[in-house]
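To be precise, the following lines are work25.pdb, and they hold PDB, C-alpha atoms.
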```pdb
ATOM      1  CA  MET A   1      -5.101  22.728  -5.336
ATOM      2  CA  ASN A   2      -2.789  19.748  -5.531
ATOM      3  CA  ASN A   3      -4.546  16.555  -6.604
ATOM      4  CA  LYS A   4      -1.722  14.148  -5.779
ATOM      5  CA  ILE A   5      -1.610  10.914  -3.810
ATOM      6  CA  ILE A   6       1.511   9.035  -2.744
ATOM      7  CA  ILE A   7       0.987   5.345  -2.019
ATOM      8  CA  ILE A   8       3.521   3.385   0.033
ATOM      9  CA  THR A   9       2.897  -0.341  -0.081
ATOM     10  CA  GLY A  10       4.652  -3.672  -0.178
ATOM     11  CA  TYR A  11       5.990  -6.490   1.950
ATOM     12  CA  LEU A  12       5.595  -6.793   5.709
ATOM     13  CA  ALA A  13       8.491  -5.459   7.827
ATOM     14  CA  SER A  14      10.026  -3.724   4.811
ATOM     15  CA  GLY A  15      10.206  -0.238   6.384
ATOM     16  CA  LYS A  16       7.069   1.252   4.812
ATOM     17  CA  SER A  17       5.779   3.017   7.921
ATOM     18  CA  THR A  18       9.139   4.546   8.809
ATOM     19  CA  PHE A  19       9.512   5.899   5.284
ATOM     20  CA  ALA A  20       5.914   7.148   5.265
ATOM     21  CA  ARG A  21       6.416   9.145   8.474
ATOM     22  CA  LYS A  22       9.681  10.617   7.204
ATOM     23  CA  LEU A  23       8.112  11.501   3.860
ATOM     24  CA  SER A  24       5.084  13.092   5.522
ATOM     25  CA  LYS A  25       7.301  15.283   7.688
ATOM     26  CA  SER A  26       9.553  16.240   4.768
ATOM     27  CA  LEU A  27       6.650  17.182   2.478
ATOM     28  CA  SER A  28       4.308  18.567   5.171
ATOM     29  CA  ILE A  29       1.550  16.331   3.824
ATOM     30  CA  PRO A  30      -0.737  14.243   6.050
ATOM     31  CA  CYS A  31      -0.111  10.518   6.054
ATOM     32  CA  LEU A  32      -2.461   7.667   6.923
ATOM     33  CA  ILE A  33      -0.561   4.592   8.126
ATOM     34  CA  LYS A  34      -2.747   1.501   8.138
ATOM     35  CA  ASP A  35      -1.342  -0.146  11.289
ATOM     36  CA  THR A  36      -1.483   2.996  13.442
ATOM     37  CA  PHE A  37      -4.899   3.867  11.993
ATOM     38  CA  LYS A  38      -6.058   0.406  13.080
ATOM     39  CA  ILE A  39      -4.645   0.931  16.579
ATOM     40  CA  ALA A  40      -6.560   4.226  16.824
ATOM     41  CA  ILE A  41      -9.818   2.627  15.689
ATOM     42  CA  CYS A  42      -9.431  -0.195  18.212
ATOM     43  CA  THR A  43      -8.356   1.900  21.200
ATOM     44  CA  ASN A  44     -11.429   0.908  23.206
ATOM     45  CA  ILE A  45     -11.945  -2.522  21.653
ATOM     46  CA  SER A  46     -10.542  -5.808  22.911
ATOM     47  CA  VAL A  47      -9.117  -7.848  20.037
ATOM     48  CA  THR A  48      -8.264 -11.393  21.082
ATOM     49  CA  SER A  49      -7.814 -13.421  17.905
ATOM     50  CA  GLY A  50      -6.420 -13.329  14.399
ATOM     51  CA  GLU A  51      -9.945 -13.535  13.010
ATOM     52  CA  GLU A  52     -11.025 -10.427  14.943
ATOM     53  CA  SER A  53      -7.850  -8.628  13.893
ATOM     54  CA  SER A  54      -8.623  -9.447  10.262
ATOM     55  CA  ILE A  55     -12.129  -7.997  10.588
ATOM     56  CA  TYR A  56     -10.731  -4.761  11.982
ATOM     57  CA  SER A  57      -8.184  -4.652   9.165
ATOM     58  CA  SER A  58     -11.107  -4.454   6.743
ATOM     59  CA  VAL A  59     -12.785  -1.792   8.878
ATOM     60  CA  THR A  60      -9.509   0.160   8.941
ATOM     61  CA  PHE A  61      -9.196   0.106   5.154
ATOM     62  CA  ASP A  62     -12.763   1.365   4.767
ATOM     63  CA  ALA A  63     -12.170   4.153   7.295
ATOM     64  CA  MET A  64      -8.892   5.146   5.625
ATOM     65  CA  MET A  65     -10.561   5.357   2.237
ATOM     66  CA  TYR A  66     -13.295   7.556   3.744
ATOM     67  CA  VAL A  67     -10.620  10.018   4.886
ATOM     68  CA  VAL A  68      -8.786   9.767   1.551
ATOM     69  CA  GLU A  69     -11.955  10.636  -0.325
ATOM     70  CA  ARG A  70     -12.603  13.678   1.879
ATOM     71  CA  HIS A  71      -9.113  14.914   0.945
ATOM     72  CA  MET A  72      -9.723  14.227  -2.719
ATOM     73  CA  GLU A  73     -12.981  16.169  -2.654
ATOM     74  CA  THR A  74     -10.942  19.268  -1.792
ATOM     75  CA  ASN A  75      -8.032  18.495  -4.147
ATOM     76  CA  THR A  76      -5.503  18.260  -1.337
ATOM     77  CA  PRO A  77      -2.501  15.898  -1.326
ATOM     78  CA  ILE A  78      -2.283  12.845   0.896
ATOM     79  CA  ILE A  79       0.066   9.945   1.614
ATOM     80  CA  ILE A  80      -1.289   6.481   2.401
ATOM     81  CA  GLU A  81       0.703   3.504   3.654
ATOM     82  CA  GLY A  82      -0.222  -0.127   4.061
ATOM     83  CA  ASN A  83       0.182  -3.621   2.685
ATOM     84  CA  PHE A  84      -2.665  -2.986   0.247
ATOM     85  CA  VAL A  85      -3.787  -6.085  -1.631
ATOM     86  CA  PRO A  86      -4.697  -6.778  -5.245
ATOM     87  CA  ALA A  87      -7.764  -8.724  -6.371
ATOM     88  CA  GLY A  88      -8.261 -12.272  -5.125
ATOM     89  CA  ILE A  89      -6.457 -11.993  -1.787
ATOM     90  CA  LYS A  90      -9.160 -10.562   0.473
ATOM     91  CA  LYS A  91     -12.870  -9.961   0.157
ATOM     92  CA  THR A  92     -12.149  -6.368  -0.872
ATOM     93  CA  ASP A  93      -9.956  -5.675  -3.903
ATOM     94  CA  GLU A  94      -8.090  -2.791  -2.268
ATOM     95  CA  SER A  95      -6.076  -1.915  -5.371
ATOM     96  CA  SER A  96      -9.215  -1.459  -7.488
ATOM     97  CA  PHE A  97     -10.855   0.591  -4.732
ATOM     98  CA  ILE A  98      -7.872   2.967  -4.575
ATOM     99  CA  GLN A  99      -7.735   3.147  -8.381
ATOM    100  CA  ALA A 100     -11.453   4.006  -8.518
ATOM    101  CA  LEU A 101     -10.901   6.966  -6.167
ATOM    102  CA  ILE A 102      -7.915   8.143  -8.237
ATOM    103  CA  ASP A 103     -10.042   8.009 -11.373
ATOM    104  CA  LYS A 104     -13.116   9.614  -9.787
ATOM    105  CA  TYR A 105     -11.209  12.662  -8.550
ATOM    106  CA  ASN A 106      -8.677  12.861 -11.387
ATOM    107  CA  TYR A 107      -5.710  12.431  -9.057
ATOM    108  CA  LYS A 108      -2.125  11.798 -10.081
ATOM    109  CA  SER A 109      -0.350   9.073  -8.143
ATOM    110  CA  LEU A 110       3.131   7.973  -7.216
ATOM    111  CA  THR A 111       3.587   4.533  -5.647
ATOM    112  CA  PHE A 112       6.610   3.377  -3.673
ATOM    113  CA  LYS A 113       6.508  -0.434  -3.562
ATOM    114  CA  PHE A 114       8.777  -1.991  -0.919
ATOM    115  CA  TYR A 115      10.073  -5.549  -1.196
ATOM    116  CA  GLY A 116      13.079  -7.606  -0.156
ATOM    117  CA  ASP A 117      14.513 -10.991   0.732
ATOM    118  CA  THR A 118      11.649 -12.521   2.704
ATOM    119  CA  LYS A 119      14.001 -14.506   4.946
ATOM    120  CA  ILE A 120      15.503 -11.265   6.243
ATOM    121  CA  LEU A 121      12.120  -9.521   6.389
ATOM    122  CA  HIS A 122      10.670 -12.490   8.288
ATOM    123  CA  THR A 123      13.340 -12.118  10.968
ATOM    124  CA  ARG A 124      12.552  -8.385  11.191
ATOM    125  CA  TYR A 125       8.849  -9.176  11.391
ATOM    126  CA  ILE A 126       9.286 -11.579  14.337
ATOM    127  CA  GLU A 127      11.447  -9.050  16.215
ATOM    128  CA  ARG A 128       9.027  -6.196  15.482
ATOM    129  CA  ASP A 129       5.828  -8.070  16.264
ATOM    130  CA  ILE A 130       6.586  -8.322  19.999
ATOM    131  CA  LEU A 131       7.148  -4.565  20.417
ATOM    132  CA  PRO A 132       4.478  -2.836  22.560
ATOM    133  CA  GLU A 133       3.916  -0.062  19.992
ATOM    134  CA  ARG A 134       2.676  -2.649  17.491
ATOM    135  CA  GLY A 135      -0.436  -3.124  19.596
ATOM    136  CA  GLY A 136      -2.211  -6.457  19.968
ATOM    137  CA  VAL A 137      -4.650  -5.463  17.263
ATOM    138  CA  ASN A 138      -1.951  -5.864  14.589
ATOM    139  CA  ALA A 139      -0.760  -9.284  15.745
ATOM    140  CA  PHE A 140      -1.365 -12.536  13.865
ATOM    141  CA  TYR A 141      -1.988 -14.360  17.179
ATOM    142  CA  LYS A 142      -0.020 -17.353  15.931
ATOM    143  CA  ASP A 143       3.464 -18.220  14.787
ATOM    144  CA  VAL A 144       4.042 -17.336  11.163
ATOM    145  CA  PRO A 145       6.644 -19.653   9.638
ATOM    146  CA  HIS A 146       8.788 -18.308   6.845
ATOM    147  CA  ALA A 147       6.904 -20.223   4.142
ATOM    148  CA  ASP A 148       3.607 -18.574   5.166
ATOM    149  CA  PHE A 149       5.275 -15.181   5.516
ATOM    150  CA  ASP A 150       6.785 -15.550   2.045
ATOM    151  CA  THR A 151       3.350 -16.348   0.586
ATOM    152  CA  ILE A 152       1.756 -13.360   2.330
ATOM    153  CA  CYS A 153       4.433 -11.055   0.924
ATOM    154  CA  HIS A 154       4.322 -12.418  -2.613
ATOM    155  CA  ASN A 155       0.527 -12.132  -2.630
ATOM    156  CA  LEU A 156       1.168  -8.366  -2.750
ATOM    157  CA  ASP A 157       3.404  -8.493  -5.842
ATOM    158  CA  SER A 158       0.679  -7.774  -8.373
ATOM    159  CA  PHE A 159      -0.555  -4.603  -6.660
ATOM    160  CA  CYS A 160      -0.549  -1.949  -9.376
ATOM    161  CA  VAL A 161      -2.296   1.405  -9.109
ATOM    162  CA  GLY A 162      -2.077   4.727 -10.868
ATOM    163  CA  ASP A 163       0.602   6.447 -12.858
ATOM    164  CA  LYS A 164       4.106   5.546 -11.688
ATOM    165  CA  THR A 165       5.577   2.891  -9.403
ATOM    166  CA  ILE A 166       9.060   2.888  -7.905
ATOM    167  CA  ASP A 167      10.262  -0.483  -6.542
ATOM    168  CA  ILE A 168      12.543  -0.294  -3.504
ATOM    169  CA  ASP A 169      14.501  -3.315  -2.249
ATOM    170  CA  THR A 170      14.867  -2.875   1.521
ATOM    171  CA  THR A 171      16.679  -6.125   2.235
ATOM    172  CA  ASP A 172      19.523  -3.884   3.474
ATOM    173  CA  PHE A 173      18.266  -0.519   4.723
ATOM    174  CA  ASN A 174      21.788   0.908   4.509
ATOM    175  CA  ALA A 175      21.868   0.259   0.760
ATOM    176  CA  VAL A 176      18.742   2.351   0.103
ATOM    177  CA  ASN A 177      19.055   6.031  -0.728
ATOM    178  CA  PHE A 178      15.901   7.166   1.051
ATOM    179  CA  ASP A 179      16.811  10.837   0.574
ATOM    180  CA  LYS A 180      16.728  10.325  -3.188
ATOM    181  CA  HIS A 181      13.237   8.826  -2.955
ATOM    182  CA  ILE A 182      12.089  11.753  -0.827
ATOM    183  CA  GLU A 183      13.466  14.125  -3.494
ATOM    184  CA  THR A 184      11.496  12.183  -6.138
ATOM    185  CA  ALA A 185       8.333  12.586  -4.084
ATOM    186  CA  GLN A 186       9.055  16.300  -3.555
ATOM    187  CA  SER A 187       9.470  16.764  -7.298
ATOM    188  CA  PHE A 188       6.198  14.908  -7.882
ATOM    189  CA  ILE A 189       4.361  17.250  -5.500
ATOM    190  CA  ASN A 190       6.071  20.438  -6.704
ATOM    191  CA  LYS A 191       5.331  19.724 -10.348
ATOM    192  CA  SER A 192       1.639  19.869  -9.603
ATOM    193  CA  ARG A 193       1.969  23.042  -7.554
ATOM    194  CA  GLN A 194       3.814  24.799 -10.382
ATOM    195  CA  GLN A 195       1.152  23.793 -12.896
ATOM    196  CA  VAL A 196      -1.770  25.183 -10.856
TER     197      VAL A 196
END
```

Written as C-alpha coordinates, that's how I'd like the structure from this file.
Amino acid sequence: MNNKIIIITGYLASGKSTFARKLSKSLSIPCLIKDTFKIAICTNISVTSGEESSIYSSVTFDAMMYVVERHMETNTPIIIEGNFVPAGIKKTDESSFIQALIDKYNYKSLTFKFYGDTKILHTRYIERDILPERGGVNAFYKDVPHADFDTICHNLDSFCVGDKTIDIDTTDFNAVNFDKHIETAQSFINKSRQQV
(Lines of atoms letter the chains of each structure in order from A and count residues from 1; the text may use other names and numbers.)
(Lines give C-alpha, C1' and ligand atoms only; values in the text may rest on other atoms or scores of the structure.)
Protein backbone atom coordinates (compact mmCIF):
# COMPACT_ATOMS: atom_id res chain seq x y z
CA MET A 1 0.00 0.00 0.00
CA ASN A 2 1.21 3.48 -0.84
CA ASN A 3 -1.32 6.19 0.01
CA LYS A 4 0.40 9.04 -1.82
CA ILE A 5 -0.85 11.61 -4.30
CA ILE A 6 1.28 14.01 -6.33
CA ILE A 7 -0.53 17.11 -7.56
CA ILE A 8 0.89 19.18 -10.43
CA THR A 9 -0.90 22.48 -10.84
CA GLY A 10 -0.35 26.10 -11.71
CA TYR A 11 -0.34 28.60 -14.54
CA LEU A 12 -1.37 27.89 -18.12
CA ALA A 13 1.46 26.99 -20.54
CA SER A 14 3.91 26.53 -17.67
CA GLY A 15 4.99 22.98 -18.60
CA LYS A 16 2.78 21.06 -16.16
CA SER A 17 1.70 18.32 -18.55
CA THR A 18 5.20 17.66 -19.86
CA PHE A 19 6.52 17.34 -16.31
CA ALA A 20 3.58 15.15 -15.30
CA ARG A 21 4.23 12.69 -18.14
CA LYS A 22 7.94 12.56 -17.36
CA LEU A 23 7.27 12.08 -13.66
CA SER A 24 4.72 9.33 -14.32
CA LYS A 25 7.19 7.43 -16.49
CA SER A 26 10.03 7.88 -14.00
CA LEU A 27 7.98 6.71 -11.01
CA SER A 28 5.85 4.11 -12.85
CA ILE A 29 2.74 5.70 -11.36
CA PRO A 30 -0.41 6.46 -13.37
CA CYS A 31 -1.05 10.09 -14.17
CA LEU A 32 -4.31 11.85 -15.00
CA ILE A 33 -3.73 14.97 -17.11
CA LYS A 34 -6.78 17.20 -17.19
CA ASP A 35 -6.48 18.40 -20.81
CA THR A 36 -5.90 14.94 -22.30
CA PHE A 37 -8.58 13.48 -20.02
CA LYS A 38 -10.97 16.10 -21.42
CA ILE A 39 -9.99 15.20 -24.99
CA ALA A 40 -10.73 11.53 -24.24
CA ILE A 41 -14.13 12.34 -22.73
CA CYS A 42 -15.07 14.47 -25.73
CA THR A 43 -13.82 12.14 -28.46
CA ASN A 44 -17.31 11.70 -29.90
CA ILE A 45 -18.69 15.09 -28.91
CA SER A 46 -18.65 18.25 -31.00
CA VAL A 47 -17.56 21.23 -28.90
CA THR A 48 -18.09 24.52 -30.72
CA SER A 49 -17.86 27.28 -28.12
CA GLY A 50 -16.01 28.43 -25.04
CA GLU A 51 -19.16 27.92 -22.98
CA GLU A 52 -19.43 24.27 -24.06
CA SER A 53 -15.73 23.77 -23.41
CA SER A 54 -16.18 25.16 -19.90
CA ILE A 55 -19.02 22.73 -19.21
CA TYR A 56 -16.86 19.80 -20.27
CA SER A 57 -14.03 21.10 -18.10
CA SER A 58 -16.33 20.64 -15.11
CA VAL A 59 -17.34 17.18 -16.33
CA THR A 60 -13.65 16.30 -16.75
CA PHE A 61 -12.81 17.33 -13.19
CA ASP A 62 -15.67 15.22 -11.83
CA ALA A 63 -14.57 12.21 -13.89
CA MET A 64 -10.94 12.64 -12.82
CA MET A 65 -11.93 12.75 -9.17
CA TYR A 66 -13.98 9.57 -9.64
CA VAL A 67 -10.84 7.79 -10.87
CA VAL A 68 -8.72 9.34 -8.11
CA GLU A 69 -11.11 8.06 -5.47
CA ARG A 70 -11.04 4.53 -6.91
CA HIS A 71 -7.24 4.61 -6.55
CA MET A 72 -7.49 5.93 -3.02
CA GLU A 73 -9.90 3.17 -2.04
CA THR A 74 -7.11 0.69 -2.76
CA ASN A 75 -4.30 2.80 -1.26
CA THR A 76 -2.44 3.09 -4.54
CA PRO A 77 -0.42 6.15 -5.62
CA ILE A 78 -1.55 8.52 -8.34
CA ILE A 79 -0.41 11.72 -10.04
CA ILE A 80 -2.93 14.36 -11.12
CA GLU A 81 -2.24 17.40 -13.28
CA GLY A 82 -4.36 20.41 -14.11
CA ASN A 83 -4.92 24.09 -13.49
CA PHE A 84 -7.01 23.25 -10.43
CA VAL A 85 -8.79 26.24 -8.93
CA PRO A 86 -9.34 27.47 -5.38
CA ALA A 87 -12.67 28.65 -3.98
CA GLY A 88 -14.48 31.51 -5.70
CA ILE A 89 -13.20 30.99 -9.25
CA LYS A 90 -15.59 28.34 -10.58
CA LYS A 91 -18.81 26.79 -9.37
CA THR A 92 -16.80 23.90 -7.91
CA ASP A 93 -14.08 24.61 -5.35
CA GLU A 94 -11.63 22.09 -6.81
CA SER A 95 -9.00 22.59 -4.11
CA SER A 96 -11.47 21.76 -1.32
CA PHE A 97 -12.73 18.73 -3.25
CA ILE A 98 -9.19 17.35 -3.62
CA GLN A 99 -8.44 18.12 0.03
CA ALA A 100 -11.61 16.28 1.12
CA LEU A 101 -10.47 13.14 -0.74
CA ILE A 102 -6.99 13.40 0.82
CA ASP A 103 -8.55 13.65 4.26
CA LYS A 104 -11.13 10.90 3.69
CA TYR A 105 -8.53 8.33 2.63
CA ASN A 106 -5.68 9.54 4.84
CA TYR A 107 -3.40 10.25 1.89
CA LYS A 108 -0.11 12.12 1.99
CA SER A 109 0.36 14.71 -0.74
CA LEU A 110 3.11 16.52 -2.57
CA THR A 111 2.17 19.47 -4.78
CA PHE A 112 4.31 20.95 -7.53
CA LYS A 113 2.95 24.43 -8.29
CA PHE A 114 4.16 25.91 -11.59
CA TYR A 115 4.24 29.65 -12.23
CA GLY A 116 6.22 32.19 -14.24
CA ASP A 117 6.31 35.53 -16.00
CA THR A 118 2.84 35.66 -17.55
CA LYS A 119 4.05 37.66 -20.56
CA ILE A 120 6.32 34.78 -21.55
CA LEU A 121 3.72 32.15 -20.66
CA HIS A 122 1.11 34.03 -22.70
CA THR A 123 3.32 33.83 -25.78
CA ARG A 124 3.78 30.09 -25.16
CA TYR A 125 0.04 29.70 -24.70
CA ILE A 126 -0.78 31.37 -28.05
CA GLU A 127 1.79 29.20 -29.87
CA ARG A 128 0.58 26.03 -28.14
CA ASP A 129 -3.14 26.65 -28.53
CA ILE A 130 -3.07 26.23 -32.33
CA LEU A 131 -1.37 22.81 -32.19
CA PRO A 132 -3.61 19.93 -33.37
CA GLU A 133 -2.84 17.79 -30.29
CA ARG A 134 -4.48 20.42 -28.08
CA GLY A 135 -7.85 19.47 -29.51
CA GLY A 136 -10.66 21.96 -30.08
CA VAL A 137 -12.20 20.97 -26.78
CA ASN A 138 -9.42 22.75 -24.86
CA ALA A 139 -9.60 26.00 -26.83
CA PHE A 140 -10.96 29.28 -25.47
CA TYR A 141 -12.63 30.01 -28.84
CA LYS A 142 -11.59 33.65 -28.60
CA ASP A 143 -8.46 35.74 -28.40
CA VAL A 144 -7.09 35.94 -24.89
CA PRO A 145 -5.20 39.20 -24.39
CA HIS A 146 -2.34 39.23 -21.93
CA ALA A 147 -4.33 41.09 -19.27
CA ASP A 148 -7.01 38.37 -19.25
CA PHE A 149 -4.39 35.62 -19.35
CA ASP A 150 -2.59 37.22 -16.40
CA THR A 151 -5.84 37.31 -14.40
CA ILE A 152 -6.60 33.66 -15.21
CA CYS A 153 -3.14 32.63 -14.03
CA HIS A 154 -3.17 34.70 -10.85
CA ASN A 155 -6.61 33.34 -9.96
CA LEU A 156 -4.76 30.06 -9.32
CA ASP A 157 -2.25 31.55 -6.85
CA SER A 158 -4.18 30.69 -3.71
CA PHE A 159 -4.55 26.99 -4.53
CA CYS A 160 -3.27 25.16 -1.45
CA VAL A 161 -3.83 21.48 -0.74
CA GLY A 162 -2.27 18.88 1.49
CA ASP A 163 1.08 18.53 3.12
CA LYS A 164 3.88 20.10 1.09
CA THR A 165 4.04 22.45 -1.89
CA ILE A 166 7.07 23.11 -4.08
CA ASP A 167 6.88 26.27 -6.24
CA ILE A 168 8.62 26.04 -9.62
CA ASP A 169 9.26 29.11 -11.78
CA THR A 170 9.19 27.92 -15.40
CA THR A 171 9.71 31.29 -17.05
CA ASP A 172 12.91 29.75 -18.46
CA PHE A 173 12.66 25.97 -18.79
CA ASN A 174 16.45 25.71 -19.09
CA ALA A 175 16.86 27.22 -15.62
CA VAL A 176 14.73 24.53 -13.95
CA ASN A 177 16.36 21.40 -12.57
CA PHE A 178 13.52 19.02 -13.40
CA ASP A 179 15.65 15.98 -12.49
CA LYS A 180 15.96 17.32 -8.95
CA HIS A 181 12.18 17.65 -8.69
CA ILE A 182 11.76 14.10 -9.97
CA GLU A 183 14.22 12.92 -7.28
CA THR A 184 12.13 14.78 -4.66
CA ALA A 185 9.01 13.00 -5.88
CA GLN A 186 10.83 9.64 -5.89
CA SER A 187 11.92 10.21 -2.30
CA PHE A 188 8.35 11.13 -1.37
CA ILE A 189 7.05 7.86 -2.85
CA ASN A 190 9.87 5.68 -1.49
CA LYS A 191 9.49 6.99 2.04
CA SER A 192 5.98 5.61 2.14
CA ARG A 193 7.03 2.28 0.66
CA GLN A 194 9.74 1.85 3.29
CA GLN A 195 7.30 2.60 6.10
CA VAL A 196 4.73 -0.01 5.02

Q: For atom CA of A:Leu110 and atom CA of A:Thr92, determine how far apart the two atoms are, in Å to one decimal place.
A: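 Separating atom CA of A:Leu110 from atom CA of A:Thr92 is a distance of 21.9 Å.
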
Q) Taking the file as shown, what set of residues would the PyMOL selection byres ((chain A and resi 168-177) around 7) give back, as a list of chain:residue names? A)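 Written out, the selection comes to A:Ser14, A:Phe112, A:Lys113, A:Phe114, A:Tyr115, A:Gly116, A:Asp117, A:Ile120, A:Ile166, A:Asp167, A:Phe178, A:Asp179, A:Lys180, A:His181.
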
Q: Starting from the displayed file, determine the output of the PyMOL selection byres ((chain A and resi 111) around 12) and express the residue list as a VMD selection string.
A: chain A and resid 4 to 10 16 20 79 to 82 84 95 98 to 99 108 to 110 112 to 114 159 to 168 181 184 to 185 188

**Q.** One-decimal distance in Å that lies between atom CA of A:Thr60 and atom CA of A:Ile41
**A.** 7.2 Å

Hey, can I get the axis-aligned box for stretch 181-189 of chain A? All listed atoms, 5 Å padding on each side, centre and edge lengths in Å to one decimal, as lines of an AutoDock Vina configuration file.
```
center_x = 8.9
center_y = 13.0
center_z = -4.4
size_x = 19.1
size_y = 18.4
size_z = 17.1
```

Q | Long-range neighbours of A:Asn2 as a ChimeraX atom specification, 12 Å cut-off, all atoms listed in the file, 3 positions minimum in chain | A | /A:5-6,29,71-78,105-109,188-196

**Q.** One-decimal distance in Å that lies between atom CA of A:Ile89 and atom CA of A:Asp157
**A.**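 Computing it gives 11.2 Å between the two atoms.
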
Just give me the residues with any atom within 9 Å of (5.6, 4.5, 9.8), file coordinates, counting all atoms listed in the file, written as a PDB file with C-alpha atoms, keeping the file's coordinate frame.
```pdb
ATOM      1  CA  GLY A  15      10.206  -0.238   6.384  1.00  0.00           C
ATOM      2  CA  LYS A  16       7.069   1.252   4.812  1.00  0.00           C
ATOM      3  CA  SER A  17       5.779   3.017   7.921  1.00  0.00           C
ATOM      4  CA  THR A  18       9.139   4.546   8.809  1.00  0.00           C
ATOM      5  CA  PHE A  19       9.512   5.899   5.284  1.00  0.00           C
ATOM      6  CA  ALA A  20       5.914   7.148   5.265  1.00  0.00           C
ATOM      7  CA  ARG A  21       6.416   9.145   8.474  1.00  0.00           C
ATOM      8  CA  LYS A  22       9.681  10.617   7.204  1.00  0.00           C
ATOM      9  CA  ILE A  33      -0.561   4.592   8.126  1.00  0.00           C
ATOM     10  CA  ASP A  35      -1.342  -0.146  11.289  1.00  0.00           C
ATOM     11  CA  THR A  36      -1.483   2.996  13.442  1.00  0.00           C
ATOM     12  CA  GLU A  81       0.703   3.504   3.654  1.00  0.00           C
TER      13      GLU A  81
END
```

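The closest residue to A:Arg128, picked from A:Ala13, A:Asn3, A:Lys38, A:Asn44 and counting all atoms listed in the file, is A:Ala13.
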
(Q) I'd like the contact shell of A:Ala87 - 10 Å cut-off, only C-alpha atoms, skipping same-chain residues fewer than 2 positions apart - returned as a list in words. (A) Val85, Ile89, Lys90, Lys91, Thr92, Asp93, Glu94, Ser95, Ser96, Phe97, Asn155, Leu156, Ser158 and Phe159 of chain A
